[in-house]
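K.L.:
Got a structure for you, written out below as structure tokens; questions coming shortly.
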Amino acid sequence: MRLLTFRHEGGEKFGCLDGDEVVDISGVSGVPSSLLEMLRAGDDGRAAVAGALSAAPRFPLGDIDFLPVIPRPGKIVCLGLNYAEHAAEGGREKPDYPNFFMRSATSLIGHRADMIRPRISEQLDFEAELAAIIGRRVPRHTSKADALSFVAGYSCFNDGSVRDYQRRTPQWTIGKNFDATGPFGPFFVSADELPAGAAGLKIESRLNGSVMQSANTQDMIFPVDETIMLLSQCMTLEAGDVLVMGTPAGVGFARTPPLWMKNGDTIEVEIEGVGLLSNPVMDEA
């Protein structure tokens, strides 16, 4: 199942992809009105969505504006340096423990929305990443063997980074949380459509059609199951929380000279079996 959040005729809606059409599930009475509500409702929510598909209104895919798959997640937990070659290109050793940091919902945008380069920096960089979406509450101290049972699905993410601000402090938070720098989408792809842990999938970024990053999710130092296990030692993960799983080598800051995104560029993130996330880049007004 491929689900999405979108805007149509001024309203925020929740739907399912069917060919080149969007089925507006949120228009059916008694069905969860958002992907987050569906996840929180558990099996009953999923059953209600599946049962509503035949009766729901439909729109051409071209008539909608994509929103972030989950516009307002409870938590967005990101991993830095989760591919060894990316750590090396930044002069870092392979980490023994994940470099966790947080993103805010105000940084998120959807597929095809403008990715904004801020007025105060020219150093807007791209990072192709896999996003794992939690489907139900993860108990504390969950085992690695059980961890993937809590993942509802996956999506594409671009962890856009304002590098000079990222480096102003030992913590990366400020450079990772500028408004409209976190494309997320276009679709939620249910976990049963992909290999366990979304492992073994090609992941790539392209800037104006030229390949910048190309790797495989199998190369993650801390895969999805281990990441959930480690996080559960510290915090309670809940339905709708998003784990952004790190980026491969090839980012702009590591190039000679550095390559920053600029007004008029188009950046794409594509993950095999998950989708293609594309965004134009625009300077802040």
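Ordering of the structure tokens sets the chain letters (A, B, ...); residue numbers start at 1 within each chain; ligands are numbered from 1 in the order shown.
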Give me the residues of region 58-115 of chain A that have any atom at most 8 Å from an atom of region 227-249 of chain A; for each, the nearest atom pair and the distance in Å, rounded to one decimal. Use only C-alpha atoms, sort by chain and number, and format it as JSON lines.
P.N.:
{"residue": "A:Ile70", "atom": "CA", "partner": "A:Gly240", "partner_atom": "CA", "distance": 7.3}
{"residue": "A:Pro73", "atom": "CA", "partner": "A:Asp241", "partner_atom": "CA", "distance": 5.5}
{"residue": "A:Gly74", "atom": "CA", "partner": "A:Asp241", "partner_atom": "CA", "distance": 5.5}
{"residue": "A:Lys75", "atom": "CA", "partner": "A:Asp241", "partner_atom": "CA", "distance": 4.9}
{"residue": "A:Ile76", "atom": "CA", "partner": "A:Val242", "partner_atom": "CA", "distance": 4.8}
{"residue": "A:Val77", "atom": "CA", "partner": "A:Leu243", "partner_atom": "CA", "distance": 4.9}
{"residue": "A:Cys78", "atom": "CA", "partner": "A:Val244", "partner_atom": "CA", "distance": 4.5}
{"residue": "A:Leu79", "atom": "CA", "partner": "A:Gly246", "partner_atom": "CA", "distance": 5.0}
{"residue": "A:Gly80", "atom": "CA", "partner": "A:Gly246", "partner_atom": "CA", "distance": 5.4}
{"residue": "A:Leu81", "atom": "CA", "partner": "A:Gly246", "partner_atom": "CA", "distance": 6.4}
{"residue": "A:Asn82", "atom": "CA", "partner": "A:Gly246", "partner_atom": "CA", "distance": 5.1}
{"residue": "A:Tyr83", "atom": "CA", "partner": "A:Pro248", "partner_atom": "CA", "distance": 5.4}
{"residue": "A:Ala84", "atom": "CA", "partner": "A:Pro248", "partner_atom": "CA", "distance": 7.9}
{"residue": "A:Glu85", "atom": "CA", "partner": "A:Ala249", "partner_atom": "CA", "distance": 5.4}
{"residue": "A:His86", "atom": "CA", "partner": "A:Ala249", "partner_atom": "CA", "distance": 3.9}
{"residue": "A:Ala87", "atom": "CA", "partner": "A:Ala249", "partner_atom": "CA", "distance": 7.7}
{"residue": "A:Glu89", "atom": "CA", "partner": "A:Ala249", "partner_atom": "CA", "distance": 6.8}
{"residue": "A:Pro98", "atom": "CA", "partner": "A:Thr227", "partner_atom": "CA", "distance": 7.8}
K.L.:
Residues as selected, N, CA, C and O atoms, written as a PDB file, in the first residue's frame, can you do that?
P.N.:
ATOM      1  N   ILE A  70       4.034  12.495   6.739  1.00  0.00           N
ATOM      2  CA  ILE A  70       3.423  12.821   8.028  1.00  0.00           C
ATOM      3  C   ILE A  70       3.840  14.260   8.330  1.00  0.00           C
ATOM      4  O   ILE A  70       4.994  14.521   8.657  1.00  0.00           O
ATOM      5  N   PRO A  73       5.031  14.877  12.702  1.00  0.00           N
ATOM      6  CA  PRO A  73       5.388  13.704  13.523  1.00  0.00           C
ATOM      7  C   PRO A  73       5.662  14.112  14.968  1.00  0.00           C
ATOM      8  O   PRO A  73       6.111  15.230  15.242  1.00  0.00           O
ATOM      9  N   GLY A  74       5.408  13.171  15.872  1.00  0.00           N
ATOM     10  CA  GLY A  74       5.751  13.444  17.265  1.00  0.00           C
ATOM     11  C   GLY A  74       7.248  13.630  17.447  1.00  0.00           C
ATOM     12  O   GLY A  74       7.695  14.527  18.164  1.00  0.00           O
ATOM     13  N   LYS A  75       8.036  12.788  16.805  1.00  0.00           N
ATOM     14  CA  LYS A  75       9.497  12.873  16.859  1.00  0.00           C
ATOM     15  C   LYS A  75      10.073  12.585  15.481  1.00  0.00           C
ATOM     16  O   LYS A  75       9.572  11.714  14.766  1.00  0.00           O
ATOM     17  N   ILE A  76      11.123  13.306  15.141  1.00  0.00           N
ATOM     18  CA  ILE A  76      11.917  13.021  13.947  1.00  0.00           C
ATOM     19  C   ILE A  76      13.349  12.823  14.435  1.00  0.00           C
ATOM     20  O   ILE A  76      14.028  13.784  14.818  1.00  0.00           O
ATOM     21  N   VAL A  77      13.775  11.573  14.494  1.00  0.00           N
ATOM     22  CA  VAL A  77      15.107  11.232  15.003  1.00  0.00           C
ATOM     23  C   VAL A  77      15.994  10.889  13.812  1.00  0.00           C
ATOM     24  O   VAL A  77      15.675  10.004  13.013  1.00  0.00           O
ATOM     25  N   CYS A  78      17.093  11.593  13.686  1.00  0.00           N
ATOM     26  CA  CYS A  78      17.994  11.427  12.539  1.00  0.00           C
ATOM     27  C   CYS A  78      19.323  10.819  12.979  1.00  0.00           C
ATOM     28  O   CYS A  78      19.753  10.982  14.126  1.00  0.00           O
ATOM     29  N   LEU A  79      19.956  10.135  12.043  1.00  0.00           N
ATOM     30  CA  LEU A  79      21.281   9.561  12.273  1.00  0.00           C
ATOM     31  C   LEU A  79      22.294  10.272  11.396  1.00  0.00           C
ATOM     32  O   LEU A  79      22.088  10.410  10.189  1.00  0.00           O
ATOM     33  N   GLY A  80      23.384  10.705  11.996  1.00  0.00           N
ATOM     34  CA  GLY A  80      24.499  11.234  11.228  1.00  0.00           C
ATOM     35  C   GLY A  80      25.586  10.186  11.056  1.00  0.00           C
ATOM     36  O   GLY A  80      25.708   9.269  11.880  1.00  0.00           O
ATOM     37  N   LEU A  81      26.337  10.292   9.999  1.00  0.00           N
ATOM     38  CA  LEU A  81      27.513   9.438   9.778  1.00  0.00           C
ATOM     39  C   LEU A  81      27.163   7.954   9.787  1.00  0.00           C
ATOM     40  O   LEU A  81      27.922   7.138  10.318  1.00  0.00           O
ATOM     41  N   ASN A  82      26.041   7.592   9.174  1.00  0.00           N
ATOM     42  CA  ASN A  82      25.603   6.197   9.233  1.00  0.00           C
ATOM     43  C   ASN A  82      26.055   5.378   8.033  1.00  0.00           C
ATOM     44  O   ASN A  82      25.663   4.217   7.906  1.00  0.00           O
ATOM     45  N   TYR A  83      26.848   5.949   7.157  1.00  0.00           N
ATOM     46  CA  TYR A  83      27.520   5.219   6.081  1.00  0.00           C
ATOM     47  C   TYR A  83      29.010   5.499   6.241  1.00  0.00           C
ATOM     48  O   TYR A  83      29.428   6.663   6.360  1.00  0.00           O
ATOM     49  N   ALA A  84      29.832   4.460   6.252  1.00  0.00           N
ATOM     50  CA  ALA A  84      31.258   4.615   6.561  1.00  0.00           C
ATOM     51  C   ALA A  84      31.952   5.566   5.601  1.00  0.00           C
ATOM     52  O   ALA A  84      32.787   6.380   6.011  1.00  0.00           O
ATOM     53  N   GLU A  85      31.626   5.490   4.302  1.00  0.00           N
ATOM     54  CA  GLU A  85      32.296   6.352   3.329  1.00  0.00           C
ATOM     55  C   GLU A  85      31.917   7.818   3.528  1.00  0.00           C
ATOM     56  O   GLU A  85      32.716   8.717   3.277  1.00  0.00           O
ATOM     57  N   HIS A  86      30.691   8.076   3.971  1.00  0.00           N
ATOM     58  CA  HIS A  86      30.305   9.460   4.265  1.00  0.00           C
ATOM     59  C   HIS A  86      31.050   9.976   5.481  1.00  0.00           C
ATOM     60  O   HIS A  86      31.499  11.131   5.514  1.00  0.00           O
ATOM     61  N   ALA A  87      31.204   9.137   6.512  1.00  0.00           N
ATOM     62  CA  ALA A  87      31.992   9.555   7.670  1.00  0.00           C
ATOM     63  C   ALA A  87      33.417   9.885   7.251  1.00  0.00           C
ATOM     64  O   ALA A  87      33.985  10.908   7.662  1.00  0.00           O
ATOM     65  N   GLU A  89      34.555  10.850   4.286  1.00  0.00           N
ATOM     66  CA  GLU A  89      34.712  12.042   3.454  1.00  0.00           C
ATOM     67  C   GLU A  89      34.652  13.319   4.290  1.00  0.00           C
ATOM     68  O   GLU A  89      35.126  14.370   3.874  1.00  0.00           O
ATOM     69  N   PRO A  98      25.460   5.446  17.232  1.00  0.00           N
ATOM     70  CA  PRO A  98      24.875   6.403  16.273  1.00  0.00           C
ATOM     71  C   PRO A  98      24.994   7.850  16.734  1.00  0.00           C
ATOM     72  O   PRO A  98      24.857   8.166  17.920  1.00  0.00           O
TER      73      PRO A  98
END
K.L.:
Considering only C-alpha atoms, return as a compact mmCIF listing (two decimals) with N, CA and C atoms, in the first residue's frame whatever protein or nucleic-acid residues lie within 8 Å of region 123-134 of chain A, sequence-local ones (same chain, fewer than 5 positions apart) excluded.
P.N.:
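Resulting contents of around_8.txt:
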# COMPACT_ATOMS: atom_id res chain seq x y z
N ARG A 117 16.61 27.95 0.11
CA ARG A 117 17.96 28.33 0.54
C ARG A 117 17.85 29.62 1.33
N PHE A 150 7.78 -3.20 14.59
CA PHE A 150 7.20 -1.91 14.95
C PHE A 150 7.27 -0.90 13.81
N VAL A 151 7.86 -1.27 12.69
CA VAL A 151 7.97 -0.37 11.53
C VAL A 151 6.77 -0.58 10.62
N ALA A 152 6.02 0.49 10.38
CA ALA A 152 4.84 0.40 9.51
C ALA A 152 5.21 0.57 8.05
N GLY A 153 6.21 1.42 7.76
CA GLY A 153 6.54 1.67 6.37
C GLY A 153 7.76 2.57 6.23
N TYR A 154 8.03 2.95 4.98
CA TYR A 154 9.24 3.69 4.65
C TYR A 154 8.92 4.80 3.65
N SER A 155 9.81 5.76 3.58
CA SER A 155 9.68 6.84 2.61
C SER A 155 11.08 7.37 2.29
N CYS A 156 11.12 8.34 1.38
CA CYS A 156 12.36 9.04 1.03
C CYS A 156 12.46 10.33 1.84
N PHE A 157 13.69 10.74 2.09
CA PHE A 157 13.93 11.97 2.85
C PHE A 157 15.17 12.65 2.29
N ASN A 158 15.16 13.97 2.28
CA ASN A 158 16.34 14.76 1.94
C ASN A 158 16.68 15.59 3.17
N ASP A 159 17.74 15.23 3.86
CA ASP A 159 18.13 15.91 5.09
C ASP A 159 18.94 17.16 4.74
N GLY A 160 18.25 18.13 4.14
CA GLY A 160 18.93 19.35 3.71
C GLY A 160 19.63 20.04 4.87
N SER A 161 20.89 20.41 4.65
CA SER A 161 21.75 20.88 5.73
C SER A 161 22.37 22.22 5.36
N VAL A 162 22.26 23.18 6.26
CA VAL A 162 22.92 24.48 6.08
C VAL A 162 24.26 24.36 6.80
N ARG A 163 25.31 24.09 6.03
CA ARG A 163 26.55 23.56 6.62
C ARG A 163 27.27 24.55 7.53
N ASP A 164 27.32 25.83 7.18
CA ASP A 164 28.05 26.75 8.04
C ASP A 164 27.36 26.89 9.40
N ILE A 203 20.11 3.61 -3.28
CA ILE A 203 19.75 4.95 -2.84
C ILE A 203 20.63 5.95 -3.59
N GLU A 204 20.01 7.00 -4.09
CA GLU A 204 20.74 7.91 -4.99
C GLU A 204 20.19 9.32 -4.85
N SER A 205 21.08 10.31 -4.99
CA SER A 205 20.65 11.70 -5.17
C SER A 205 21.16 12.21 -6.50
N GLN A 213 25.13 11.15 -5.25
CA GLN A 213 25.32 10.05 -4.30
C GLN A 213 24.72 8.79 -4.90
N THR A 217 21.28 0.73 0.73
CA THR A 217 20.90 0.79 2.14
C THR A 217 21.53 -0.34 2.96
N VAL A 224 18.08 -0.43 10.44
CA VAL A 224 16.84 0.01 11.09
C VAL A 224 16.59 -0.77 12.38
N LEU A 237 9.43 5.22 21.56
CA LEU A 237 9.01 5.57 20.21
C LEU A 237 7.52 5.28 20.08
N GLU A 238 6.81 6.17 19.35
CA GLU A 238 5.37 6.07 19.24
C GLU A 238 4.94 6.04 17.77
N ALA A 239 3.71 5.64 17.55
CA ALA A 239 3.18 5.58 16.19
C ALA A 239 3.32 6.94 15.51
N GLY A 240 3.86 6.91 14.31
CA GLY A 240 4.06 8.14 13.54
C GLY A 240 5.42 8.78 13.72
N ASP A 241 6.21 8.32 14.68
CA ASP A 241 7.58 8.84 14.79
C ASP A 241 8.37 8.42 13.56
N VAL A 242 9.33 9.26 13.18
CA VAL A 242 10.09 9.05 11.95
C VAL A 242 11.58 8.93 12.29
N LEU A 243 12.21 7.90 11.74
CA LEU A 243 13.67 7.72 11.88
C LEU A 243 14.29 7.98 10.52
N VAL A 244 15.20 8.94 10.46
CA VAL A 244 15.86 9.32 9.21
C VAL A 244 17.28 8.76 9.28
N MET A 245 17.57 7.82 8.34
CA MET A 245 18.60 6.82 8.56
C MET A 245 20.00 7.15 8.05
N GLY A 246 20.30 8.41 7.77
CA GLY A 246 21.66 8.76 7.39
C GLY A 246 21.88 8.74 5.89
N THR A 247 22.97 9.38 5.48
CA THR A 247 23.21 9.59 4.05
C THR A 247 24.54 8.98 3.61
N PRO A 248 24.62 8.53 2.34
CA PRO A 248 25.88 8.01 1.81
C PRO A 248 26.86 9.13 1.44
N VAL A 251 28.12 14.03 -0.71
CA VAL A 251 27.44 15.29 -0.43
C VAL A 251 28.28 16.48 -0.92
N GLY A 252 27.63 17.64 -0.97
CA GLY A 252 28.26 18.81 -1.57
C GLY A 252 29.46 19.35 -0.84
N PHE A 253 29.44 19.32 0.51
CA PHE A 253 30.54 19.93 1.26
C PHE A 253 31.85 19.19 1.05
N LEU A 259 30.08 21.98 -3.45
CA LEU A 259 28.96 22.17 -4.35
C LEU A 259 27.71 22.43 -3.52
N TRP A 260 27.22 23.66 -3.56
CA TRP A 260 26.02 24.02 -2.80
C TRP A 260 24.84 24.17 -3.74
N MET A 261 23.67 23.82 -3.26
CA MET A 261 22.47 24.02 -4.06
C MET A 261 22.15 25.51 -4.16
N LYS A 262 21.60 25.91 -5.30
CA LYS A 262 21.32 27.32 -5.55
C LYS A 262 19.95 27.48 -6.18
N ILE A 267 16.71 19.07 -7.03
CA ILE A 267 17.37 17.98 -6.32
C ILE A 267 16.41 16.80 -6.21
N VAL A 269 15.89 12.69 -4.79
CA VAL A 269 16.31 11.54 -3.98
C VAL A 269 15.47 10.36 -4.44
N GLU A 270 16.15 9.28 -4.83
CA GLU A 270 15.42 8.10 -5.29
C GLU A 270 15.93 6.87 -4.54
N ILE A 271 14.99 6.09 -4.03
CA ILE A 271 15.31 4.84 -3.35
C ILE A 271 14.53 3.73 -4.03
K.L.:
Using only C-alpha atoms, find each residue in region 168-218 of chain A having at least one atom no more than 12 Å away from region 8-19 of chain A; report its shortest atom-to-atom pair and that distance in Å (one decimal), rows by chain then rising number, as CSV.
P.N.:
residue,atom,partner,partner_atom,distance
A:Pro186,CA,A:Leu17,CA,10.4
A:Phe187,CA,A:Leu17,CA,8.3
A:Phe188,CA,A:Cys16,CA,9.2
A:Val189,CA,A:Leu17,CA,10.1
A:Ser190,CA,A:Cys16,CA,11.3
K.L.:
What parts of region 51-279 of chain A does DSSP call strand (DSSP E)? I'd like the answer as number ranges by chain.
P.N.:
A: 58-60, 65-66, 76-80, 99-103, 108-109, 115-117, 124-125, 128-134, 151-158, 161-162, 182-190, 202-207, 210-216, 242-244, 266-271, 275-279
K.L.:
To one decimal place, how far is CA of Ala47 (chain A) from CA of Gly200 (chain A) in Å?
P.N.:
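CA of Gly200 (chain A) lies at a distance of 29.4 Å from CA of Ala47 (chain A).
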K.L.:
What residues in region 78-224 of chain A get the DSSP label alpha helix (DSSP H)? Please answer as an NGL selection string.
P.N.:
:A and (84-89 or 144-147 or 163-166 or 224)
K.L.:
Give me a file of those residues, with all heavy atoms, as an mmCIF file, in the first residue's frame.
P.N.:
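To be explicit, this is the file written out as selection.cif:
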data_model
loop_
_atom_site.group_PDB
_atom_site.id
_atom_site.type_symbol
_atom_site.label_atom_id
_atom_site.label_comp_id
_atom_site.auth_asym_id
_atom_site.auth_seq_id
_atom_site.Cartn_x
_atom_site.Cartn_y
_atom_site.Cartn_z
ATOM 1 N N ALA A 84 29.832 4.460 6.252
ATOM 2 C CA ALA A 84 31.258 4.615 6.561
ATOM 3 C C ALA A 84 31.952 5.566 5.601
ATOM 4 O O ALA A 84 32.787 6.380 6.011
ATOM 5 C CB ALA A 84 31.938 3.248 6.555
ATOM 6 N N GLU A 85 31.626 5.490 4.302
ATOM 7 C CA GLU A 85 32.296 6.352 3.329
ATOM 8 C C GLU A 85 31.917 7.818 3.528
ATOM 9 O O GLU A 85 32.716 8.717 3.277
ATOM 10 C CB GLU A 85 31.984 5.892 1.911
ATOM 11 C CG GLU A 85 32.637 4.555 1.550
ATOM 12 C CD GLU A 85 32.412 4.174 0.100
ATOM 13 O OE1 GLU A 85 31.771 4.955 -0.645
ATOM 14 O OE2 GLU A 85 32.874 3.084 -0.302
ATOM 15 N N HIS A 86 30.691 8.076 3.971
ATOM 16 C CA HIS A 86 30.305 9.460 4.265
ATOM 17 C C HIS A 86 31.050 9.976 5.481
ATOM 18 O O HIS A 86 31.499 11.131 5.514
ATOM 19 C CB HIS A 86 28.796 9.542 4.481
ATOM 20 C CG HIS A 86 28.330 10.900 4.919
ATOM 21 N ND1 HIS A 86 28.591 12.044 4.187
ATOM 22 C CD2 HIS A 86 27.641 11.301 6.027
ATOM 23 C CE1 HIS A 86 28.066 13.090 4.815
ATOM 24 N NE2 HIS A 86 27.494 12.663 5.928
ATOM 25 N N ALA A 87 31.204 9.137 6.512
ATOM 26 C CA ALA A 87 31.992 9.555 7.670
ATOM 27 C C ALA A 87 33.417 9.885 7.251
ATOM 28 O O ALA A 87 33.985 10.908 7.662
ATOM 29 C CB ALA A 87 31.986 8.444 8.720
ATOM 30 N N ALA A 88 33.983 9.047 6.400
ATOM 31 C CA ALA A 88 35.370 9.251 5.965
ATOM 32 C C ALA A 88 35.534 10.523 5.148
ATOM 33 O O ALA A 88 36.533 11.240 5.304
ATOM 34 C CB ALA A 88 35.833 8.041 5.158
ATOM 35 N N GLU A 89 34.555 10.850 4.286
ATOM 36 C CA GLU A 89 34.712 12.042 3.454
ATOM 37 C C GLU A 89 34.652 13.319 4.290
ATOM 38 O O GLU A 89 35.126 14.370 3.874
ATOM 39 C CB GLU A 89 33.656 12.073 2.354
ATOM 40 C CG GLU A 89 32.252 12.390 2.794
ATOM 41 C CD GLU A 89 31.245 12.410 1.649
ATOM 42 O OE1 GLU A 89 31.665 12.347 0.474
ATOM 43 O OE2 GLU A 89 30.023 12.485 1.937
ATOM 44 N N LYS A 144 16.582 -6.393 19.218
ATOM 45 C CA LYS A 144 16.825 -6.240 17.797
ATOM 46 C C LYS A 144 15.958 -7.206 16.995
ATOM 47 O O LYS A 144 15.449 -6.862 15.916
ATOM 48 C CB LYS A 144 18.311 -6.461 17.497
ATOM 49 C CG LYS A 144 18.711 -6.228 16.055
ATOM 50 C CD LYS A 144 20.226 -6.364 15.892
ATOM 51 C CE LYS A 144 20.633 -6.183 14.431
ATOM 52 N NZ LYS A 144 22.116 -6.291 14.257
ATOM 53 N N ALA A 145 15.755 -8.409 17.515
ATOM 54 C CA ALA A 145 14.959 -9.415 16.803
ATOM 55 C C ALA A 145 13.506 -8.979 16.632
ATOM 56 O O ALA A 145 12.855 -9.346 15.646
ATOM 57 C CB ALA A 145 15.019 -10.745 17.556
ATOM 58 N N ASP A 146 12.995 -8.194 17.564
ATOM 59 C CA ASP A 146 11.592 -7.763 17.507
ATOM 60 C C ASP A 146 11.412 -6.391 16.867
ATOM 61 O O ASP A 146 10.288 -5.989 16.567
ATOM 62 C CB ASP A 146 11.005 -7.706 18.924
ATOM 63 C CG ASP A 146 10.861 -9.083 19.553
ATOM 64 O OD1 ASP A 146 10.802 -10.078 18.798
ATOM 65 O OD2 ASP A 146 10.829 -9.159 20.794
ATOM 66 N N ALA A 147 12.504 -5.667 16.655
ATOM 67 C CA ALA A 147 12.411 -4.243 16.330
ATOM 68 C C ALA A 147 11.631 -3.952 15.054
ATOM 69 O O ALA A 147 10.837 -3.007 14.991
ATOM 70 C CB ALA A 147 13.821 -3.643 16.234
ATOM 71 N N ARG A 163 25.308 24.086 6.032
ATOM 72 C CA ARG A 163 26.551 23.557 6.619
ATOM 73 C C ARG A 163 27.266 24.554 7.527
ATOM 74 O O ARG A 163 27.820 24.147 8.564
ATOM 75 C CB ARG A 163 27.497 23.113 5.496
ATOM 76 C CG ARG A 163 26.995 21.962 4.654
ATOM 77 C CD ARG A 163 26.794 20.691 5.457
ATOM 78 N NE ARG A 163 26.489 19.556 4.576
ATOM 79 C CZ ARG A 163 26.097 18.372 4.997
ATOM 80 N NH1 ARG A 163 25.950 18.143 6.292
ATOM 81 N NH2 ARG A 163 25.842 17.399 4.141
ATOM 82 N N ASP A 164 27.318 25.833 7.177
ATOM 83 C CA ASP A 164 28.052 26.751 8.042
ATOM 84 C C ASP A 164 27.357 26.889 9.398
ATOM 85 O O ASP A 164 28.020 27.002 10.437
ATOM 86 C CB ASP A 164 28.265 28.114 7.384
ATOM 87 C CG ASP A 164 27.026 28.690 6.712
ATOM 88 O OD1 ASP A 164 26.025 27.957 6.548
ATOM 89 O OD2 ASP A 164 27.055 29.873 6.327
ATOM 90 N N TYR A 165 26.049 26.823 9.415
ATOM 91 C CA TYR A 165 25.339 26.867 10.694
ATOM 92 C C TYR A 165 25.434 25.536 11.421
ATOM 93 O O TYR A 165 25.487 25.505 12.660
ATOM 94 C CB TYR A 165 23.875 27.273 10.470
ATOM 95 C CG TYR A 165 23.736 28.769 10.397
ATOM 96 C CD1 TYR A 165 24.102 29.455 9.242
ATOM 97 C CD2 TYR A 165 23.310 29.502 11.488
ATOM 98 C CE1 TYR A 165 24.021 30.825 9.175
ATOM 99 C CE2 TYR A 165 23.230 30.884 11.440
ATOM 100 C CZ TYR A 165 23.583 31.545 10.276
ATOM 101 O OH TYR A 165 23.526 32.917 10.225
ATOM 102 N N GLN A 166 25.474 24.437 10.697
ATOM 103 C CA GLN A 166 25.663 23.127 11.322
ATOM 104 C C GLN A 166 26.966 23.087 12.116
ATOM 105 O O GLN A 166 27.054 22.445 13.169
ATOM 106 C CB GLN A 166 25.665 22.032 10.258
ATOM 107 C CG GLN A 166 25.845 20.629 10.810
ATOM 108 C CD GLN A 166 25.903 19.578 9.703
ATOM 109 O OE1 GLN A 166 25.504 19.821 8.568
ATOM 110 N NE2 GLN A 166 26.419 18.410 10.032
ATOM 111 N N VAL A 224 18.079 -0.431 10.435
ATOM 112 C CA VAL A 224 16.840 0.008 11.086
ATOM 113 C C VAL A 224 16.591 -0.770 12.377
ATOM 114 O O VAL A 224 16.253 -0.181 13.413
ATOM 115 C CB VAL A 224 15.652 -0.122 10.123
ATOM 116 C CG1 VAL A 224 14.346 0.241 10.834
ATOM 117 C CG2 VAL A 224 15.853 0.777 8.896
#
K.L.:
Quick check, in Å to one decimal: how far apart do CA of Pro32 (chain A) and CA of Asp44 (chain A) lie?
P.N.:
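Between CA of Pro32 (chain A) and CA of Asp44 (chain A) the gap works out to 9.7 Å.
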K.L.:
Which polymer residues have any atom within 9 Å of an atom of Leu201 (chain A), counting only C-alpha atoms, with same-chain residues fewer than 6 positions away left out, as a PyMOL selection string?
P.N.:
chain A and resi 194-195+215-218+271-274
K.L.:
I want to know what sits within 6 Å of Val281 (chain A), based on only C-alpha atoms, with residues of the same chain fewer than 6 positions away left out; could you give that as a list in words?
P.N.:
Asp114, Met115, Ile116, Asn263, Gly264, Asp265 and Thr266 of chain A
K.L.:
Residues near Ser34 (chain A), anyone? I mean within 12 Å using only C-alpha atoms, not counting same-chain ones fewer than 6 positions away, as a PyMOL selection string.
P.N.:
chain A and resi 3-7+12-16+24-28+40-41+45-46+49+67-73+240
K.L.:
For Gly275 (chain A), which residue among A:Thr181, A:Arg140, A:Arg2, A:Phe222 is the nearest when counting only C-alpha atoms?
P.N.:
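Counting only C-alpha atoms, the residue closest to Gly275 (chain A) is A:Arg2.
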K.L.:
Tell me, in Å to one decimal, how far CA of Leu207 (chain A) is from CA of Pro258 (chain A).
P.N.:
13.5 Å
K.L.:
Which residue gives the smallest distance to Pro60 (chain A) among A:Glu93, A:Glu21, A:Glu268, A:Glu284, with only C-alpha atoms counted?
P.N.:
A:Glu21
K.L.:
Between A:Pro257, A:Phe100, A:Met212, A:Pro223, single out the one closest to Gln171 (chain A), counting only C-alpha atoms.
P.N.:
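Of the candidates, the smallest distance to Gln171 (chain A) is held by A:Phe100.
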